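Colleague: This is final12.txt (compact mmCIF, C-alpha atoms).
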```txt
# COMPACT_ATOMS: atom_id res chain seq x y z
CA MET A 1 -35.10 -103.62 112.18
CA GLY A 2 -36.18 -100.46 113.94
CA MET A 3 -36.53 -96.80 113.14
CA ASP A 4 -34.09 -94.64 115.01
CA ARG A 5 -35.39 -91.83 117.12
CA ARG A 6 -34.27 -89.14 114.66
CA THR A 7 -36.10 -90.56 111.60
CA PHE A 8 -39.21 -91.07 113.69
CA LEU A 9 -39.26 -87.44 114.78
CA LYS A 10 -38.62 -86.23 111.22
CA LEU A 11 -41.45 -88.31 109.82
CA GLY A 12 -43.73 -87.19 112.62
CA GLY A 13 -42.89 -83.55 111.92
CA ALA A 14 -43.52 -83.95 108.19
CA PHE A 15 -46.85 -85.59 108.93
CA ALA A 16 -47.87 -82.76 111.26
CA VAL A 17 -46.94 -80.07 108.72
CA GLY A 18 -48.74 -81.99 105.99
CA SER A 19 -51.93 -82.34 107.98
CA ILE A 20 -51.95 -78.62 108.69
CA LEU A 21 -51.38 -77.66 105.05
CA ALA A 22 -53.73 -80.18 103.43
CA PRO A 23 -57.00 -78.47 104.45
CA GLY A 24 -55.47 -75.19 103.32
CA THR A 25 -55.13 -76.46 99.77
CA GLN A 26 -58.77 -77.46 100.01
CA TYR A 27 -59.67 -73.84 100.73
CA LEU A 28 -57.55 -72.69 97.80
CA VAL A 29 -59.53 -74.98 95.49
CA MET A 30 -62.78 -73.70 96.95
CA ALA A 31 -61.71 -70.10 96.49
CA GLN A 32 -61.02 -70.80 92.84
CA ASP A 33 -64.49 -72.27 92.46
CA GLU A 34 -65.99 -69.16 94.00
CA ASN A 35 -64.07 -66.99 91.56
CA SER A 36 -65.24 -68.97 88.58
CA LYS A 37 -68.83 -68.22 89.61
CA ASP A 38 -68.05 -64.51 89.75
CA LYS A 39 -70.70 -62.76 87.69
CA SER A 40 -68.27 -60.27 86.23
CA LYS A 41 -66.36 -63.20 84.80
CA SER A 42 -69.35 -65.14 83.50
CA LYS A 43 -69.47 -65.27 79.74
CA THR A 44 -72.81 -63.59 79.25
CA ARG A 45 -74.13 -60.46 80.88
CA TRP A 46 -77.28 -59.23 79.22
CA ALA A 47 -77.53 -55.48 79.12
CA MET A 48 -79.53 -52.77 77.44
CA ALA A 49 -78.63 -49.37 76.09
CA VAL A 50 -81.29 -46.67 75.74
CA ASP A 51 -80.72 -43.75 73.41
CA LEU A 52 -82.77 -40.94 74.93
CA ASP A 53 -82.09 -38.69 71.92
CA LYS A 54 -84.03 -41.11 69.73
CA CYS A 55 -86.86 -41.74 72.22
CA THR A 56 -89.99 -39.75 71.40
CA GLY A 57 -92.12 -41.01 74.26
CA CYS A 58 -94.54 -42.87 71.94
CA LYS A 59 -95.02 -45.60 74.57
CA VAL A 60 -95.02 -48.40 71.99
CA CYS A 61 -92.57 -50.27 74.24
CA GLU A 62 -94.94 -50.00 77.18
CA ASN A 63 -97.75 -51.59 75.18
CA VAL A 64 -95.78 -54.38 73.50
CA CYS A 65 -94.36 -55.24 76.91
CA ARG A 66 -97.87 -55.65 78.30
CA GLU A 67 -98.91 -57.75 75.34
CA GLU A 68 -95.88 -60.02 75.45
CA ASN A 69 -95.83 -60.64 79.18
CA ASN A 70 -99.51 -60.36 80.14
CA VAL A 71 -98.79 -57.43 82.45
CA PRO A 72 -102.18 -56.44 83.83
CA PHE A 73 -103.66 -53.07 82.92
CA TYR A 74 -107.05 -52.15 84.29
CA GLY A 75 -107.64 -48.64 83.02
CA ASP A 76 -106.71 -45.00 83.30
CA SER A 77 -109.31 -43.76 85.78
CA ALA A 78 -108.02 -42.85 89.23
CA ASP A 79 -109.72 -45.86 90.76
CA GLU A 80 -108.31 -48.39 88.29
CA LYS A 81 -104.93 -46.76 87.87
CA ARG A 82 -103.56 -47.73 91.25
CA TYR A 83 -103.89 -51.41 90.41
CA ASN A 84 -101.94 -51.20 87.15
CA ALA A 85 -98.66 -53.07 87.12
CA TYR A 86 -95.67 -51.82 85.18
CA TRP A 87 -92.72 -53.72 83.79
CA LEU A 88 -91.65 -50.78 81.71
CA ARG A 89 -92.88 -47.25 82.10
CA VAL A 90 -92.01 -44.21 80.06
CA ALA A 91 -91.34 -41.25 82.33
CA ASP A 92 -91.95 -37.75 80.97
CA ILE A 93 -89.36 -35.37 82.33
CA GLU A 94 -90.44 -31.74 82.20
CA SER A 95 -87.96 -28.98 82.70
CA GLU A 96 -88.70 -25.73 84.49
CA LEU A 97 -86.26 -23.85 82.29
CA PRO A 98 -88.01 -21.71 79.69
CA GLY A 99 -88.08 -23.24 76.23
CA ALA A 100 -86.71 -26.61 77.35
CA GLU A 101 -88.43 -29.57 75.73
CA THR A 102 -89.95 -32.46 77.64
CA ARG A 103 -87.72 -35.54 77.59
CA HIS A 104 -88.92 -39.11 77.75
CA MET A 105 -87.22 -41.96 79.48
CA PRO A 106 -88.17 -45.63 79.43
CA ILE A 107 -87.48 -47.12 82.85
CA MET A 108 -87.55 -50.83 83.44
CA CYS A 109 -85.81 -53.19 85.86
CA GLN A 110 -82.13 -52.32 85.62
CA HIS A 111 -80.99 -55.89 86.34
CA CYS A 112 -78.36 -54.74 88.82
CA ASP A 113 -75.16 -56.60 89.63
CA ASP A 114 -75.78 -56.18 93.36
CA ALA A 115 -79.53 -56.01 93.35
CA PRO A 116 -81.03 -54.75 96.61
CA CYS A 117 -84.28 -56.60 95.85
CA ILE A 118 -82.45 -59.93 96.01
CA GLU A 119 -80.76 -59.01 99.26
CA VAL A 120 -84.01 -58.21 101.05
CA CYS A 121 -86.01 -61.13 99.67
CA VAL A 122 -87.03 -63.33 102.60
CA THR A 123 -87.95 -66.42 100.61
CA LYS A 124 -85.20 -66.27 97.99
CA ALA A 125 -87.90 -65.86 95.37
CA SER A 126 -85.89 -63.04 93.83
CA PHE A 127 -82.70 -64.33 92.33
CA LYS A 128 -80.14 -63.65 89.66
CA ARG A 129 -79.37 -65.95 86.80
CA ASP A 130 -75.77 -66.50 85.78
CA ASP A 131 -76.33 -64.35 82.71
CA GLY A 132 -77.23 -61.34 84.84
CA ILE A 133 -81.02 -61.43 84.60
CA VAL A 134 -82.79 -60.74 87.88
CA LEU A 135 -86.02 -62.72 88.16
CA VAL A 136 -88.88 -63.38 90.56
CA ASP A 137 -89.88 -66.98 91.09
CA GLU A 138 -93.61 -66.45 91.44
CA HIS A 139 -94.03 -69.94 92.86
CA ARG A 140 -92.02 -68.86 95.87
CA CYS A 141 -92.94 -65.21 96.32
CA ILE A 142 -95.19 -64.55 99.30
CA GLY A 143 -95.91 -60.94 98.37
CA CYS A 144 -94.20 -59.30 101.36
CA ARG A 145 -93.32 -56.23 99.22
CA TYR A 146 -89.83 -55.76 100.74
CA CYS A 147 -88.32 -55.79 97.26
CA VAL A 148 -90.79 -53.18 96.02
CA TYR A 149 -89.47 -50.75 98.64
CA ALA A 150 -85.84 -51.79 98.26
CA CYS A 151 -85.68 -51.13 94.51
CA PRO A 152 -84.05 -47.73 93.86
CA TYR A 153 -85.79 -47.53 90.46
CA LYS A 154 -89.37 -48.38 91.49
CA ALA A 155 -89.22 -51.11 88.90
CA ARG A 156 -91.38 -53.60 90.76
CA SER A 157 -95.14 -53.85 91.06
CA ILE A 158 -97.51 -56.03 93.01
CA ILE A 159 -100.26 -57.88 91.17
CA PHE A 160 -103.44 -56.91 93.00
CA LYS A 161 -106.10 -58.42 90.79
CA LYS A 162 -106.41 -61.28 88.38
CA ASN A 163 -105.61 -60.35 84.81
CA GLU A 164 -108.70 -61.18 82.76
CA ASN A 165 -107.14 -59.88 79.57
CA VAL A 166 -104.53 -62.47 78.67
CA THR A 167 -102.86 -61.43 75.43
CA ASN A 168 -100.07 -64.00 75.10
CA PRO A 169 -101.16 -67.54 76.00
CA ASN A 170 -97.57 -68.79 75.69
CA VAL A 171 -96.61 -66.93 78.85
CA PRO A 172 -98.27 -67.81 82.15
CA ALA A 173 -100.67 -65.29 83.59
CA MET A 174 -99.40 -63.53 86.67
CA MET A 175 -100.15 -64.86 90.08
CA VAL A 176 -102.25 -62.57 92.25
CA GLY A 177 -100.44 -61.17 95.28
CA VAL A 178 -96.84 -61.54 94.15
CA ALA A 179 -94.17 -59.07 93.11
CA THR A 180 -93.44 -58.78 89.43
CA LYS A 181 -91.01 -56.91 87.23
CA CYS A 182 -89.29 -56.76 83.87
CA SER A 183 -87.51 -60.01 83.03
CA PHE A 184 -85.81 -58.73 79.86
CA CYS A 185 -88.43 -61.06 78.26
CA VAL A 186 -86.54 -64.09 79.54
CA GLN A 187 -88.74 -66.50 77.56
CA ARG A 188 -87.64 -64.77 74.34
CA ILE A 189 -83.97 -64.61 75.34
CA ASP A 190 -83.94 -68.35 75.98
CA GLN A 191 -85.20 -68.79 72.41
CA GLY A 192 -82.44 -66.55 71.12
CA LYS A 193 -84.70 -63.57 70.48
CA LYS A 194 -84.46 -60.02 71.74
CA PRO A 195 -86.84 -58.49 74.28
CA ALA A 196 -90.16 -57.36 72.81
CA CYS A 197 -89.57 -53.66 73.52
CA VAL A 198 -86.22 -53.71 71.72
CA GLU A 199 -87.64 -55.47 68.70
CA LYS A 200 -90.73 -53.29 68.38
CA CYS A 201 -89.31 -49.84 69.18
CA PRO A 202 -90.13 -47.81 66.04
CA HIS A 203 -87.26 -45.37 66.65
CA GLU A 204 -84.56 -47.95 67.38
CA ALA A 205 -83.83 -46.26 70.67
CA LEU A 206 -83.23 -49.54 72.50
CA THR A 207 -80.26 -51.85 72.01
CA PHE A 208 -79.89 -55.19 73.69
CA GLY A 209 -77.02 -57.64 73.87
CA ASN A 210 -74.21 -59.28 75.76
CA MET A 211 -72.16 -56.64 77.54
CA ASN A 212 -69.22 -59.02 78.06
CA ASP A 213 -68.81 -59.59 74.33
CA PRO A 214 -66.72 -56.65 73.05
CA ASN A 215 -68.15 -57.09 69.53
CA SER A 216 -71.78 -56.73 70.55
CA GLU A 217 -73.65 -53.52 69.75
CA VAL A 218 -74.31 -52.83 73.41
CA ALA A 219 -70.68 -53.23 74.41
CA LYS A 220 -69.67 -50.82 71.66
CA ILE A 221 -72.17 -48.21 72.84
CA ILE A 222 -70.99 -48.59 76.43
CA ALA A 223 -67.35 -48.40 75.31
CA THR A 224 -67.94 -44.95 73.76
CA GLY A 225 -68.18 -43.72 77.34
CA ASN A 226 -71.05 -41.30 76.80
CA VAL A 227 -73.60 -43.44 78.60
CA LYS A 228 -74.78 -43.04 82.18
CA VAL A 229 -76.63 -45.25 84.60
CA LEU A 230 -79.53 -44.08 86.73
CA ARG A 231 -78.77 -43.23 90.35
CA PRO A 232 -75.08 -44.22 90.25
CA GLU A 233 -74.72 -43.21 93.89
CA LYS A 234 -76.62 -46.34 94.87
CA ARG A 235 -73.72 -48.44 93.55
CA VAL A 236 -75.89 -51.32 92.48
CA GLY A 237 -74.26 -51.84 89.08
CA PRO A 238 -77.26 -51.48 86.76
CA GLY A 239 -77.34 -53.33 83.44
CA VAL A 240 -79.28 -50.60 81.65
CA PHE A 241 -77.31 -47.69 80.23
CA TYR A 242 -78.74 -44.35 79.11
CA LYS A 243 -77.27 -42.27 76.33
CA GLY A 244 -78.05 -38.57 76.28
CA LEU A 245 -79.05 -38.39 79.92
CA MET B 246 -129.20 -116.67 129.12
CA LYS B 247 -125.90 -117.44 127.46
CA ILE B 248 -127.59 -118.53 124.23
CA LYS B 249 -129.64 -115.34 124.15
CA ALA B 250 -126.48 -113.28 124.50
CA ILE B 251 -124.74 -115.17 121.73
CA GLY B 252 -127.77 -114.81 119.46
CA ALA B 253 -127.98 -111.09 120.11
CA PHE B 254 -124.29 -110.76 119.35
CA LEU B 255 -124.67 -112.69 116.09
CA ILE B 256 -127.53 -110.46 114.95
CA PHE B 257 -125.49 -107.41 115.88
CA ALA B 258 -122.47 -108.75 113.96
CA ILE B 259 -124.57 -109.47 110.86
CA VAL B 260 -126.12 -106.00 110.90
CA LEU B 261 -122.68 -104.48 111.36
CA ALA B 262 -121.27 -106.46 108.45
CA SER B 263 -124.29 -106.03 106.17
CA PRO B 264 -122.74 -103.43 103.79
CA PHE B 265 -119.78 -105.71 103.33
CA LEU B 266 -122.00 -108.73 102.73
CA VAL B 267 -124.13 -106.85 100.18
CA ALA B 268 -121.00 -105.73 98.36
CA LEU B 269 -119.68 -109.29 98.42
CA ALA B 270 -122.96 -110.55 96.95
CA ASN B 271 -122.77 -107.93 94.16
CA GLY B 272 -119.20 -108.91 93.40
CA GLU B 273 -118.05 -105.32 93.97
CA ILE B 274 -115.35 -106.36 96.39
CA LEU B 275 -113.68 -108.70 93.96
CA LYS B 276 -113.74 -105.94 91.30
CA GLY B 277 -111.90 -103.51 93.60
CA ALA B 278 -112.53 -99.80 94.03
CA PRO B 279 -113.92 -97.94 91.01
CA GLN B 280 -111.13 -96.51 88.85
CA PRO B 281 -111.24 -93.10 87.18
CA LYS B 282 -111.85 -93.40 83.45
CA LEU B 283 -108.98 -91.69 81.70
CA GLU B 284 -109.12 -90.71 78.06
CA LEU B 285 -105.76 -91.84 76.74
CA PRO B 286 -104.15 -90.06 73.80
CA LYS B 287 -104.92 -91.35 70.32
CA ASN B 288 -101.85 -89.94 68.62
CA ALA B 289 -99.33 -91.86 70.74
CA THR B 290 -98.88 -95.14 72.56
CA LYS B 291 -96.11 -94.18 74.95
CA CYS B 292 -95.77 -91.40 77.49
CA VAL B 293 -92.54 -89.45 77.92
CA GLU B 294 -91.52 -91.98 80.59
CA ASP B 295 -92.89 -95.38 81.61
CA THR B 296 -96.63 -95.28 82.30
CA GLU B 297 -96.25 -96.52 85.87
CA TYR B 298 -93.47 -94.06 86.59
CA MET B 299 -95.55 -91.22 85.17
CA ALA B 300 -98.59 -92.08 87.26
CA ALA B 301 -96.49 -91.99 90.42
CA ASN B 302 -93.98 -89.25 89.63
CA HIS B 303 -95.31 -86.82 87.02
CA MET B 304 -95.62 -84.09 89.67
CA ASN B 305 -91.92 -84.43 90.51
CA ILE B 306 -90.99 -84.32 86.83
CA LEU B 307 -93.04 -81.16 86.36
CA LYS B 308 -91.63 -79.53 89.49
CA GLU B 309 -88.05 -80.36 88.53
CA GLU B 310 -88.63 -78.97 85.06
CA ARG B 311 -90.12 -75.83 86.57
CA GLU B 312 -87.12 -75.34 88.85
CA GLN B 313 -84.66 -75.77 86.00
CA ALA B 314 -86.56 -73.53 83.61
CA VAL B 315 -87.22 -70.69 86.04
CA ARG B 316 -83.92 -70.68 87.88
CA ARG B 317 -81.42 -71.73 85.22
CA GLY B 318 -83.22 -71.15 81.96
CA ILE B 319 -82.83 -74.79 80.97
CA ARG B 320 -86.02 -75.40 79.01
CA THR B 321 -86.49 -78.90 77.65
CA LYS B 322 -89.34 -79.85 75.39
CA LYS B 323 -89.76 -83.39 76.68
CA HIS B 324 -90.83 -82.65 80.24
CA SER B 325 -92.45 -79.27 79.76
CA LEU B 326 -96.04 -78.74 80.81
CA LYS B 327 -96.91 -77.54 77.33
CA ASN B 328 -95.64 -80.79 75.84
CA CYS B 329 -98.03 -82.83 78.01
CA PHE B 330 -100.96 -81.24 76.24
CA THR B 331 -99.75 -82.13 72.77
CA CYS B 332 -100.78 -85.71 73.57
CA HIS B 333 -103.13 -85.36 76.54
CA THR B 334 -105.20 -82.86 74.59
CA ASP B 335 -108.18 -82.66 76.91
CA LYS B 336 -107.09 -81.81 80.41
CA SER B 337 -110.60 -82.19 81.85
CA LYS B 338 -110.84 -85.79 80.59
CA PHE B 339 -107.38 -86.89 81.67
CA CYS B 340 -105.56 -84.91 84.34
CA ASP B 341 -108.67 -83.58 86.06
CA ARG B 342 -110.46 -86.93 86.25
CA CYS B 343 -107.57 -88.49 88.09
CA HIS B 344 -106.95 -85.45 90.26
CA THR B 345 -110.60 -85.22 91.28
CA TYR B 346 -110.55 -88.92 92.10
CA ALA B 347 -107.41 -88.54 94.21
CA GLY B 348 -108.56 -85.25 95.74
CA VAL B 349 -105.57 -83.31 94.39
CA GLN B 350 -105.89 -79.68 93.34
CA PRO B 351 -102.75 -78.54 91.53
CA THR B 352 -102.62 -74.77 91.93
CA CYS B 353 -101.05 -74.36 88.48
CA PHE B 354 -104.46 -74.34 86.78
CA ALA B 355 -106.65 -73.30 89.72
CA GLU B 356 -109.42 -70.77 89.13
CA VAL B 357 -107.92 -68.65 91.95
CA GLY B 358 -104.18 -68.19 91.88
CA GLY B 359 -103.61 -70.38 88.84
CA CYS B 360 -101.41 -69.00 86.10
CA HIS B 361 -101.02 -71.76 83.53
CA TYR B 362 -103.36 -72.63 80.72
CA ALA B 363 -104.36 -75.94 79.30
CA PRO B 364 -105.59 -75.93 75.71
CA THR B 365 -109.15 -76.64 76.76
CA SER B 366 -109.36 -74.25 79.66
CA LYS B 367 -111.56 -71.20 79.43
CA LYS B 368 -108.69 -68.77 79.86
CA GLN B 369 -107.33 -69.25 76.39
CA GLU B 370 -110.57 -68.71 74.52
```
Show the structure stored in the file as structure tokens.
Modeller:
Amino acid sequence: MGMDRRTFLKLGGAFAVGSILAPGTQYLVMAQDENSKDKSKSKTRWAMAVDLDKCTGCKVCENVCREENNVPFYGDSADEKRYNAYWLRVADIESELPGAETRHMPIMCQHCDDAPCIEVCVTKASFKRDDGIVLVDEHRCIGCRYCVYACPYKARSIIFKKNENVTNPNVPAMMVGVATKCSFCVQRIDQGKKPACVEKCPHEALTFGNMNDPNSEVAKIIATGNVKVLRPEKRVGPGVFYKGL
Amino acid sequence: MKIKAIGAFLIFAIVLASPFLVALANGEILKGAPQPKLELPKNATKCVEDTEYMAANHMNILKEEREQAVRRGIRTKKHSLKNCFTCHTDKSKFCDRCHTYAGVQPTCFAEVGGCHYAPTSKKQE
């Protein structure tokens, strides 16, 4: 029994078409996988909303942040000041207009969607967790400072000196010579708590939550539409939203 | 002439081997190399994994745990560094004794560049 010439050619053709298409389906599957990792589609995206109308510039957040995360502070004199690291700083904005009051604005890492600090990091020490938190792996950081210059918000500091004043023994002290920045108090988030600054703000100016959950407080504030992000022209997709800017 | 040479060689060989012979006479060789004296925990009889596995691989366990906790936020209690010290309460009498013996200096606790605390270390006081 033999195969006639016609059937043979048909089968051969089908086989050729199949072998061309098969890898294509592979790519389709891969593309789907890529999409499922898309941050905008991940279930959690931690975000913060700051109500500048409620902020009085009391700097409680700055201090609780230092206490919670062992952020080194050496003093206020000109010599010591340049070594101070900041995770959160409260900027005082003075207006030149007559009679205008001074506004205060807490600025921390904005945990951007497309963070420039991650892009420039040479060792991949800066990275983004699936829930939108941008972190520095201090074990990997070599202190090259690229990220410090890349950040549009000046949110990063370098640790210059050992911190002798450890306030929270549950959080590791900071390594000397690495970049550091606000982590949204990642150790507290993993325990289901809110960041220290949000919890301790006496004026309830800070709100924290999952932006992708439409029922969360943050999502509701963002949905009102009267929030702004800092430096929107940079198109980095910040996760911190300011009301009353 | 030949006998002289052999005698000289024998004396040379004995002098060369003398430390070994002395140790053999003391019985030190049969005992093996001195072992570090580790203070084992009193509140437990078993480590988080088999003892032998821990002695050989605890650094890999700790590094894996670190990677998971820092990068993915997966924090387990079992393999965390803090958990070690609930049983091995005195780092200087357990971890350090072995590390000094083996000439290992984990940077985690180092005086310069170290960030982590053990319950007995000065940093926490």
Colleague: As number ranges by chain, please: the residues near Ile133 (chain A) (cut-off 8 Å, all atoms listed in the file, same-chain neighbours under 2 positions excluded).
Modeller: A: 45-46, 111, 128-131, 135, 183-184, 186
Colleague: Show me, as JSON, numbers by chain, the residues that have an atom within 7 Å of Ser325 (chain B) when counting all atoms listed in the file, minus same-chain residues fewer than 4 positions from it.
Modeller: {"B": [307, 310, 321, 329]}
Colleague: With only C-alpha atoms as the atoms that count, which of B:Val267, B:Ala347, B:Cys340, B:Ala301 lies nearest to Gln280 (chain B)?
Modeller: B:Ala347
Colleague: To one decimal in Å, tell me the separation between CA of Pro202 (chain A) and CA of Met105 (chain A).
Modeller: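 One can read the CA of Pro202 (chain A) to CA of Met105 (chain A) distance as 14.9 Å.
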Colleague: What residues in chain B lie within 12 Å of chain A, counting only C-alpha atoms, written as a PyMOL selection string?
Modeller: chain B and resi 308+311-321+326-327+352-364+366-370
Colleague: Which value, in Å to one decimal, gives the distance between CA of Val178 (chain A) and CA of Phe160 (chain A)?
Modeller: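 Rounded to one decimal, the two atoms are 8.1 Å apart.
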Colleague: What's around region 291-293 of chain B at 9 Å? Count only C-alpha atoms, leave out sequence neighbours fewer than 4 positions away in its own chain, and write the answer as a list of chain:residue names.
Modeller: B:Met299, B:Lys323, B:His324, B:Cys329, B:Cys332
Colleague: Just how far from CA of His104 (chain A) is CA of Leu230 (chain A), in Å to one decimal?
Modeller: 13.9 Å
Colleague: Considering all atoms listed in the file, state which residue in the set A:Gly209, A:Gly225, A:Gly13, A:Gly75 is at the smallest distance from Pro195 (chain A).
Modeller: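 Of A:Gly209, A:Gly225, A:Gly13, A:Gly75, the one nearest Pro195 (chain A), counting all atoms listed in the file, is A:Gly209.
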Colleague: Between A:Pro116, A:Pro152, A:Gly12, A:Pro106, single out the one closest to Leu52 (chain A), counting all atoms listed in the file.
Modeller: A:Pro106
